[in-house]
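The next block holds one structure in the form of structure tokens; read it before the comments.
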Amino acid sequence: TENFDFVIGDAEASNSTPLAAGQLKKGSYILIKDKPCKITEYSTAAPGKHGHSKCTIVGYDIFTHKKMETILPSHHIAFVPIVTKYDYTLLDINEEGYCSLLSDTSDTREDIKLPLIPDGLASEIRQAYNNGEQVIITLIRSMDYEQIVSFKSEDKNS
């Protein structure tokens, strides 16, 4: 029999890219405690007794909006999550809150639920849909997770 060696990489390997902490900046993304975060504050401190400057990075989880913080040496490798945005036309919302969505390439999907965060977004989407408006849903995907993050609507008659 043959023996096969399988190398198991961590989740960061395929869903993110490495970057030196000193190259990050406000508005970019970083993984903090394995959560994809958007950086809202970034500062560097002068080199300490060991000769390396420290980066203080504050951001919010792009899915839960929870504030996250980390401090890294500027030469340390941070992981930047791959974040992708998609726009879909909302076709329907079922009783459980699952959305029927249509992509630009005419593909449909029905596996995305109205978001729980931020408060009120789901009811705003439902209200626009119930008012007969054309609703365009913006969904983000990162770290094998997807969530509706915003929408825009316009009167179908305009």
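Quick note on naming: the chains in the structure tokens go A, B, ... in the order shown, residues restart at 1 in each chain, and ligands are numbered from 1 in order of appearance.
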
Give me, as CSV, the closest atom pair and its distance (Å, one decimal) for every residue of range 13-98 of chain A within a cut-off of 8 Å of range 123-134 of chain A, counting only C-alpha atoms, rows sorted by chain and rising number.
residue,atom,partner,partner_atom,distance
A:Thr89,CA,A:Gln134,CA,7.5
A:Leu90,CA,A:Gln134,CA,7.4
A:Asp92,CA,A:Tyr129,CA,7.9
A:Ile93,CA,A:Arg126,CA,7.6

Output file for the residues above (all heavy atoms, as a PDB file, in the first residue's frame):
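The resulting out.pdb:
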ATOM      1  N   THR A  89     -30.161  41.545  -7.674  1.00  0.00           N
ATOM      2  CA  THR A  89     -31.515  42.083  -7.684  1.00  0.00           C
ATOM      3  C   THR A  89     -32.371  41.172  -6.817  1.00  0.00           C
ATOM      4  O   THR A  89     -32.343  39.952  -6.969  1.00  0.00           O
ATOM      5  CB  THR A  89     -32.079  42.122  -9.122  1.00  0.00           C
ATOM      6  OG1 THR A  89     -31.218  42.937  -9.922  1.00  0.00           O
ATOM      7  CG2 THR A  89     -33.490  42.696  -9.141  1.00  0.00           C
ATOM      8  N   LEU A  90     -33.115  41.782  -5.892  1.00  0.00           N
ATOM      9  CA  LEU A  90     -33.990  41.011  -5.010  1.00  0.00           C
ATOM     10  C   LEU A  90     -35.260  40.648  -5.766  1.00  0.00           C
ATOM     11  O   LEU A  90     -35.970  41.525  -6.265  1.00  0.00           O
ATOM     12  CB  LEU A  90     -34.325  41.840  -3.763  1.00  0.00           C
ATOM     13  CG  LEU A  90     -35.251  41.206  -2.747  1.00  0.00           C
ATOM     14  CD1 LEU A  90     -34.634  39.941  -2.150  1.00  0.00           C
ATOM     15  CD2 LEU A  90     -35.582  42.202  -1.643  1.00  0.00           C
ATOM     16  N   ASP A  92     -37.527  38.064  -4.388  1.00  0.00           N
ATOM     17  CA  ASP A  92     -38.563  37.678  -3.430  1.00  0.00           C
ATOM     18  C   ASP A  92     -37.925  37.487  -2.058  1.00  0.00           C
ATOM     19  O   ASP A  92     -36.716  37.283  -1.940  1.00  0.00           O
ATOM     20  CB  ASP A  92     -39.217  36.362  -3.886  1.00  0.00           C
ATOM     21  CG  ASP A  92     -40.494  36.033  -3.112  1.00  0.00           C
ATOM     22  OD1 ASP A  92     -41.102  36.958  -2.540  1.00  0.00           O
ATOM     23  OD2 ASP A  92     -40.874  34.847  -3.087  1.00  0.00           O
ATOM     24  N   ILE A  93     -38.757  37.562  -1.016  1.00  0.00           N
ATOM     25  CA  ILE A  93     -38.335  37.241   0.349  1.00  0.00           C
ATOM     26  C   ILE A  93     -39.367  36.269   0.896  1.00  0.00           C
ATOM     27  O   ILE A  93     -40.565  36.580   0.905  1.00  0.00           O
ATOM     28  CB  ILE A  93     -38.301  38.498   1.257  1.00  0.00           C
ATOM     29  CG1 ILE A  93     -37.413  39.583   0.663  1.00  0.00           C
ATOM     30  CG2 ILE A  93     -37.831  38.122   2.662  1.00  0.00           C
ATOM     31  CD1 ILE A  93     -37.504  40.927   1.373  1.00  0.00           C
TER      32      ILE A  93
END

message: As an exercise, work out the distance from CA of Asp107 in chain A to CA of Leu139 in chain A in Å and give it to one decimal place.
response: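 Those two atoms sit 14.8 Å apart.
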
Range 97-154 of chain A residues near range 50-74 of chain A within 12 Å, closest pair each, using only C-alpha atoms, as a tab-separated table:
residue	atom	partner	partner_atom	distance
A:Pro115	CA	A:Phe63	CA	9.4
A:Leu116	CA	A:Thr64	CA	9.0
A:Ile117	CA	A:Thr64	CA	6.4
A:Pro118	CA	A:His65	CA	7.7
A:Asp119	CA	A:Thr64	CA	10.7
A:Leu139	CA	A:Phe63	CA	10.5
A:Ile140	CA	A:Phe63	CA	8.7
A:Arg141	CA	A:Phe63	CA	9.5
A:Ser142	CA	A:Ile62	CA	9.0
A:Met143	CA	A:Phe63	CA	10.7
A:Asp144	CA	A:Phe63	CA	11.9
A:Tyr145	CA	A:Phe63	CA	8.8
A:Glu146	CA	A:Phe63	CA	8.4
A:Gln147	CA	A:Phe63	CA	6.9
A:Ile148	CA	A:Phe63	CA	8.9
A:Val149	CA	A:Phe63	CA	7.9
A:Ser150	CA	A:Phe63	CA	11.6

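Between CA of Lys26 in chain A and CA of Leu114 in chain A the interatomic distance comes to 28.9 Å.
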
- prompt: Where in range 23-79 of chain A does DSSP assign strand (DSSP E or B), given as a ChimeraX atom specification?
  reply: /A:29-32,35-45,54-61,67-73,77-79
